[in-house]
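Student: Starting off with a structure, shown below.
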Amino acid sequence: MKIDLGILGKIIGWAVGIILLGALATTGLGVLVGKGMHDIPLFVADTYYGFTGETFVLDQSTELLGLKLVNKDWKFLGVFPMDGPYKAGLSEGAQGLSGGGAPKEEASLNWEEPTEAVPPAATDESSSTPTPVDETLAACNLAAAKLKSLKGVGNPYEIRDAANEVLRVCINETDVATATNALAASQKAISEKEAADAEVANALKNWALITETAAQLPLTDAEGARTLVGFAGGSFYFSECEVWAGALANVAGGGESCTITLYPNPLIEDQVTSVSFAVELQTLWDWGLGDQSSVLDRIPEAGVYTLP
């Protein structure tokens with residue numbers, strides 16, 4: 001990934017921070033973030049999260065100003081050794097710098113792990129430098145580490161791509177089993193997300209049609225009003241009718257203009273507004289609201305009603 005620091009001032013500040021990294025790592029701040037002076041790469045990654053609030057994986061694809069931060073030997077800035085990809089933003093220090101709270105991510109997505117653990121890559125005990133391995137195994141280890149770092153993050157598209165990469169480069173049964181489980185979980189999450197998105201899109205489309213129709217509906221079109229209310233779900237809110245004032249405020253003889261309001265589907269209620277339009281009082285009487293009699297005709301009381 002490419003680290004985007006926003007405005008030029010932030011970029012310059014970050015560059016200066018890297019230059020002064022050695023000094024910072026020996027201070028109390030260095031101890032707070034990541035593992036401090038004992039793990040410079042994670043310190044840098046968590047510091048970036050602390051000031052931006054954005055999580056990311058520090059690996060061999062991470063770039064800053066066009067330069068790769070981790071070389072092919074897994075050394076940060078070509079100097080500080082790493083054990084593999086680092087997930088930034090998980091330490092208490094990083095959370096403290098960012099003002100607290102969980103990283104800005106979607107709902108977590110997890111999958112079952114195989115019972116057999118993946119054996120760690122062999123290392124030379126006399127040095128912190130990993131023992132050389134063939135390119136195929138190295139590619140598999142990198143892909144498996146990338147997938148593992150995404151567990152619980154909740155981005156199903158990124159998890160799907162990482163799982164497919166493991167299946168492409170790995171032959172180890174444990175790695176393949178892990179990737180297969182992750183792929184199944186991500187595909188299920190993607191299907192559910194896309195179905196939910198489609199439902200919201202359809203609700204927005206229907207509400208646009210309801211809004212347009214209500215604006216053009218004639219006062220006397222009782223059948224059109226019934227169709228519109230039914231299309232919106234069948235329920236509406238009646239507020240008032242334009243009737244006589246004073247002692248005759250609740251007495252009517254038909255033909256008055258009455259206001260009813262339709263409310264959107266809860267899926268989109270935070271994106272659209274309610275729709276109001278007028279119908280004749282006679283229409284409300286025909287729907288069974290109020291009281292139409294030869295003695296005393298009354299308008300309905302304000303409230304929510306459902307079409308019979």
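We name chains A, B, ... following the order of the structure tokens; residues begin at 1 in each chain, and ligands are numbered from 1 as shown.
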Could you list, with a cut-off of 12 Å and counting only C-alpha atoms, the residues of segment 170-199 of chain A near segment 257-276 of chain A, each shown with its nearest atom pair and the distance in Å rounded to one decimal, rows sorted by chain and ascending number, as a tab-separated table?

Tutor:
```
residue	atom	partner	partner_atom	distance
A:Ala196	CA	A:Leu267	CA	9.4
A:Asp197	CA	A:Leu267	CA	10.0
A:Ala198	CA	A:Leu267	CA	11.2
A:Glu199	CA	A:Leu267	CA	8.3
```

Student: Near segment 155-166 of chain A, counting only C-alpha atoms, which residues have an atom at most 9 Å away, once you skip same-chain residues fewer than 2 positions from it, shown as a PDB file with N, CA, C and O atoms, in the first residue's frame?

Tutor:
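Written out: around-v1.pdb:
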```
ATOM      1  N   GLU A 105     -12.452   0.567  11.267  1.00  0.00           N
ATOM      2  CA  GLU A 105     -12.604  -0.580  10.402  1.00  0.00           C
ATOM      3  C   GLU A 105     -14.048  -1.027  10.369  1.00  0.00           C
ATOM      4  O   GLU A 105     -14.879  -0.576  11.143  1.00  0.00           O
ATOM      5  N   GLU A 106     -14.375  -1.929   9.450  1.00  0.00           N
ATOM      6  CA  GLU A 106     -15.706  -2.485   9.382  1.00  0.00           C
ATOM      7  C   GLU A 106     -15.867  -3.553  10.465  1.00  0.00           C
ATOM      8  O   GLU A 106     -14.950  -3.866  11.196  1.00  0.00           O
ATOM      9  N   ALA A 107     -17.083  -4.089  10.551  1.00  0.00           N
ATOM     10  CA  ALA A 107     -17.314  -5.158  11.514  1.00  0.00           C
ATOM     11  C   ALA A 107     -16.349  -6.302  11.249  1.00  0.00           C
ATOM     12  O   ALA A 107     -16.018  -6.615  10.103  1.00  0.00           O
ATOM     13  N   SER A 108     -15.852  -6.933  12.321  1.00  0.00           N
ATOM     14  CA  SER A 108     -14.816  -7.944  12.181  1.00  0.00           C
ATOM     15  C   SER A 108     -15.310  -9.153  11.401  1.00  0.00           C
ATOM     16  O   SER A 108     -16.479  -9.519  11.456  1.00  0.00           O
ATOM     17  N   LEU A 109     -14.395  -9.763  10.666  1.00  0.00           N
ATOM     18  CA  LEU A 109     -14.687 -10.972   9.904  1.00  0.00           C
ATOM     19  C   LEU A 109     -13.646 -12.014  10.273  1.00  0.00           C
ATOM     20  O   LEU A 109     -12.448 -11.796  10.109  1.00  0.00           O
ATOM     21  N   ALA A 139       7.298 -16.814  -0.943  1.00  0.00           N
ATOM     22  CA  ALA A 139       6.053 -16.209  -1.420  1.00  0.00           C
ATOM     23  C   ALA A 139       4.861 -16.724  -0.638  1.00  0.00           C
ATOM     24  O   ALA A 139       3.940 -15.973  -0.298  1.00  0.00           O
ATOM     25  N   CYS A 140       4.869 -18.019  -0.318  1.00  0.00           N
ATOM     26  CA  CYS A 140       3.780 -18.607   0.464  1.00  0.00           C
ATOM     27  C   CYS A 140       3.759 -18.028   1.875  1.00  0.00           C
ATOM     28  O   CYS A 140       2.696 -17.676   2.388  1.00  0.00           O
ATOM     29  N   ASN A 141       4.934 -17.941   2.510  1.00  0.00           N
ATOM     30  CA  ASN A 141       5.009 -17.396   3.862  1.00  0.00           C
ATOM     31  C   ASN A 141       4.487 -15.957   3.910  1.00  0.00           C
ATOM     32  O   ASN A 141       3.785 -15.562   4.843  1.00  0.00           O
ATOM     33  N   LEU A 142       4.849 -15.177   2.884  1.00  0.00           N
ATOM     34  CA  LEU A 142       4.406 -13.785   2.830  1.00  0.00           C
ATOM     35  C   LEU A 142       2.888 -13.706   2.650  1.00  0.00           C
ATOM     36  O   LEU A 142       2.214 -12.939   3.335  1.00  0.00           O
ATOM     37  N   ALA A 143       2.352 -14.518   1.743  1.00  0.00           N
ATOM     38  CA  ALA A 143       0.913 -14.511   1.488  1.00  0.00           C
ATOM     39  C   ALA A 143       0.141 -14.974   2.721  1.00  0.00           C
ATOM     40  O   ALA A 143      -0.895 -14.394   3.078  1.00  0.00           O
ATOM     41  N   ALA A 144       0.642 -16.016   3.398  1.00  0.00           N
ATOM     42  CA  ALA A 144      -0.028 -16.533   4.597  1.00  0.00           C
ATOM     43  C   ALA A 144       0.002 -15.499   5.722  1.00  0.00           C
ATOM     44  O   ALA A 144      -0.975 -15.348   6.466  1.00  0.00           O
ATOM     45  N   LYS A 146       0.175 -12.248   5.345  1.00  0.00           N
ATOM     46  CA  LYS A 146      -0.743 -11.169   4.959  1.00  0.00           C
ATOM     47  C   LYS A 146      -2.182 -11.543   5.321  1.00  0.00           C
ATOM     48  O   LYS A 146      -2.925 -10.730   5.891  1.00  0.00           O
ATOM     49  N   LEU A 147      -2.577 -12.778   4.988  1.00  0.00           N
ATOM     50  CA  LEU A 147      -3.940 -13.230   5.298  1.00  0.00           C
ATOM     51  C   LEU A 147      -4.174 -13.249   6.804  1.00  0.00           C
ATOM     52  O   LEU A 147      -5.221 -12.806   7.286  1.00  0.00           O
ATOM     53  N   LEU A 150      -5.033  -9.995   8.441  1.00  0.00           N
ATOM     54  CA  LEU A 150      -6.339  -9.427   8.116  1.00  0.00           C
ATOM     55  C   LEU A 150      -7.475 -10.042   8.928  1.00  0.00           C
ATOM     56  O   LEU A 150      -8.603  -9.569   8.862  1.00  0.00           O
ATOM     57  N   LYS A 151      -7.200 -11.110   9.671  1.00  0.00           N
ATOM     58  CA  LYS A 151      -8.263 -11.772  10.422  1.00  0.00           C
ATOM     59  C   LYS A 151      -8.826 -10.830  11.476  1.00  0.00           C
ATOM     60  O   LYS A 151      -8.093 -10.290  12.293  1.00  0.00           O
ATOM     61  N   GLY A 152     -10.128 -10.628  11.444  1.00  0.00           N
ATOM     62  CA  GLY A 152     -10.777  -9.731  12.376  1.00  0.00           C
ATOM     63  C   GLY A 152     -10.869  -8.302  11.899  1.00  0.00           C
ATOM     64  O   GLY A 152     -11.504  -7.471  12.535  1.00  0.00           O
ATOM     65  N   VAL A 153     -10.240  -7.987  10.755  1.00  0.00           N
ATOM     66  CA  VAL A 153     -10.273  -6.619  10.244  1.00  0.00           C
ATOM     67  C   VAL A 153     -11.649  -6.298   9.681  1.00  0.00           C
ATOM     68  O   VAL A 153     -12.200  -5.230   9.913  1.00  0.00           O
ATOM     69  N   ARG A 168      -3.039 -19.549  -4.446  1.00  0.00           N
ATOM     70  CA  ARG A 168      -2.260 -19.518  -5.686  1.00  0.00           C
ATOM     71  C   ARG A 168      -0.811 -19.948  -5.483  1.00  0.00           C
ATOM     72  O   ARG A 168      -0.229 -20.630  -6.341  1.00  0.00           O
ATOM     73  N   VAL A 169      -0.216 -19.586  -4.328  1.00  0.00           N
ATOM     74  CA  VAL A 169       1.224 -19.796  -4.158  1.00  0.00           C
ATOM     75  C   VAL A 169       1.575 -20.882  -3.139  1.00  0.00           C
ATOM     76  O   VAL A 169       2.738 -21.279  -3.042  1.00  0.00           O
ATOM     77  N   CYS A 170       0.603 -21.347  -2.354  1.00  0.00           N
ATOM     78  CA  CYS A 170       0.909 -22.309  -1.290  1.00  0.00           C
ATOM     79  C   CYS A 170       0.400 -23.712  -1.628  1.00  0.00           C
ATOM     80  O   CYS A 170      -0.621 -23.878  -2.299  1.00  0.00           O
ATOM     81  N   ILE A 171       1.149 -24.706  -1.131  1.00  0.00           N
ATOM     82  CA  ILE A 171       0.712 -26.101  -1.286  1.00  0.00           C
ATOM     83  C   ILE A 171       0.583 -26.789   0.074  1.00  0.00           C
ATOM     84  O   ILE A 171       0.030 -27.883   0.160  1.00  0.00           O
ATOM     85  N   ASP A 175      -1.944 -24.183   5.285  1.00  0.00           N
ATOM     86  CA  ASP A 175      -2.139 -22.884   4.656  1.00  0.00           C
ATOM     87  C   ASP A 175      -3.345 -22.916   3.716  1.00  0.00           C
ATOM     88  O   ASP A 175      -4.157 -21.981   3.689  1.00  0.00           O
ATOM     89  N   VAL A 176      -3.463 -23.974   2.960  1.00  0.00           N
ATOM     90  CA  VAL A 176      -4.579 -24.103   2.019  1.00  0.00           C
ATOM     91  C   VAL A 176      -5.906 -24.175   2.774  1.00  0.00           C
ATOM     92  O   VAL A 176      -6.899 -23.558   2.375  1.00  0.00           O
ATOM     93  N   THR A 178      -6.567 -22.954   5.785  1.00  0.00           N
ATOM     94  CA  THR A 178      -6.851 -21.627   6.342  1.00  0.00           C
ATOM     95  C   THR A 178      -7.411 -20.706   5.275  1.00  0.00           C
ATOM     96  O   THR A 178      -8.410 -20.002   5.492  1.00  0.00           O
ATOM     97  N   ALA A 179      -6.761 -20.688   4.104  1.00  0.00           N
ATOM     98  CA  ALA A 179      -7.202 -19.809   3.021  1.00  0.00           C
ATOM     99  C   ALA A 179      -8.591 -20.200   2.523  1.00  0.00           C
ATOM    100  O   ALA A 179      -9.408 -19.337   2.182  1.00  0.00           O
ATOM    101  N   THR A 180      -8.868 -21.488   2.479  1.00  0.00           N
ATOM    102  CA  THR A 180     -10.182 -21.951   2.023  1.00  0.00           C
ATOM    103  C   THR A 180     -11.276 -21.470   2.964  1.00  0.00           C
ATOM    104  O   THR A 180     -12.335 -20.998   2.518  1.00  0.00           O
ATOM    105  N   ASN A 181     -11.031 -21.574   4.268  1.00  0.00           N
ATOM    106  CA  ASN A 181     -12.005 -21.090   5.244  1.00  0.00           C
ATOM    107  C   ASN A 181     -12.189 -19.580   5.159  1.00  0.00           C
ATOM    108  O   ASN A 181     -13.308 -19.065   5.247  1.00  0.00           O
ATOM    109  N   ALA A 182     -11.069 -18.870   5.002  1.00  0.00           N
ATOM    110  CA  ALA A 182     -11.138 -17.409   4.900  1.00  0.00           C
ATOM    111  C   ALA A 182     -11.883 -16.989   3.636  1.00  0.00           C
ATOM    112  O   ALA A 182     -12.668 -16.036   3.651  1.00  0.00           O
ATOM    113  N   LEU A 183     -11.645 -17.713   2.544  1.00  0.00           N
ATOM    114  CA  LEU A 183     -12.312 -17.390   1.284  1.00  0.00           C
ATOM    115  C   LEU A 183     -13.822 -17.597   1.395  1.00  0.00           C
ATOM    116  O   LEU A 183     -14.613 -16.767   0.933  1.00  0.00           O
ATOM    117  N   ALA A 184     -14.218 -18.693   2.026  1.00  0.00           N
ATOM    118  CA  ALA A 184     -15.646 -18.973   2.191  1.00  0.00           C
ATOM    119  C   ALA A 184     -16.313 -17.890   3.043  1.00  0.00           C
ATOM    120  O   ALA A 184     -17.409 -17.415   2.731  1.00  0.00           O
ATOM    121  N   ALA A 185     -15.635 -17.486   4.137  1.00  0.00           N
ATOM    122  CA  ALA A 185     -16.193 -16.462   5.024  1.00  0.00           C
ATOM    123  C   ALA A 185     -16.308 -15.119   4.305  1.00  0.00           C
ATOM    124  O   ALA A 185     -17.309 -14.402   4.444  1.00  0.00           O
ATOM    125  N   SER A 186     -15.281 -14.766   3.530  1.00  0.00           N
ATOM    126  CA  SER A 186     -15.297 -13.480   2.831  1.00  0.00           C
ATOM    127  C   SER A 186     -16.352 -13.455   1.734  1.00  0.00           C
ATOM    128  O   SER A 186     -17.048 -12.450   1.542  1.00  0.00           O
ATOM    129  N   GLN A 187     -16.502 -14.552   1.000  1.00  0.00           N
ATOM    130  CA  GLN A 187     -17.500 -14.598  -0.063  1.00  0.00           C
ATOM    131  C   GLN A 187     -18.909 -14.499   0.507  1.00  0.00           C
ATOM    132  O   GLN A 187     -19.783 -13.859  -0.085  1.00  0.00           O
ATOM    133  N   LYS A 188     -19.139 -15.127   1.654  1.00  0.00           N
ATOM    134  CA  LYS A 188     -20.451 -15.033   2.310  1.00  0.00           C
ATOM    135  C   LYS A 188     -20.720 -13.593   2.740  1.00  0.00           C
ATOM    136  O   LYS A 188     -21.826 -13.066   2.543  1.00  0.00           O
ATOM    137  N   ALA A 189     -19.694 -12.952   3.324  1.00  0.00           N
ATOM    138  CA  ALA A 189     -19.849 -11.563   3.767  1.00  0.00           C
ATOM    139  C   ALA A 189     -20.079 -10.635   2.579  1.00  0.00           C
ATOM    140  O   ALA A 189     -20.883  -9.696   2.650  1.00  0.00           O
ATOM    141  N   ILE A 190     -19.377 -10.879   1.480  1.00  0.00           N
ATOM    142  CA  ILE A 190     -19.546 -10.054   0.279  1.00  0.00           C
ATOM    143  C   ILE A 190     -20.957 -10.203  -0.273  1.00  0.00           C
ATOM    144  O   ILE A 190     -21.606  -9.226  -0.656  1.00  0.00           O
TER     145      ILE A 190
END
```

Student: So that I can see what lies close to Glu223 of chain A, please list as number ranges by chain the residues with an atom at most 12 Å from it, counting only C-alpha atoms and leaving out residues fewer than 4 positions away in the same chain.

Tutor: A: 217-219, 227-230, 279-280, 283-284, 286-287
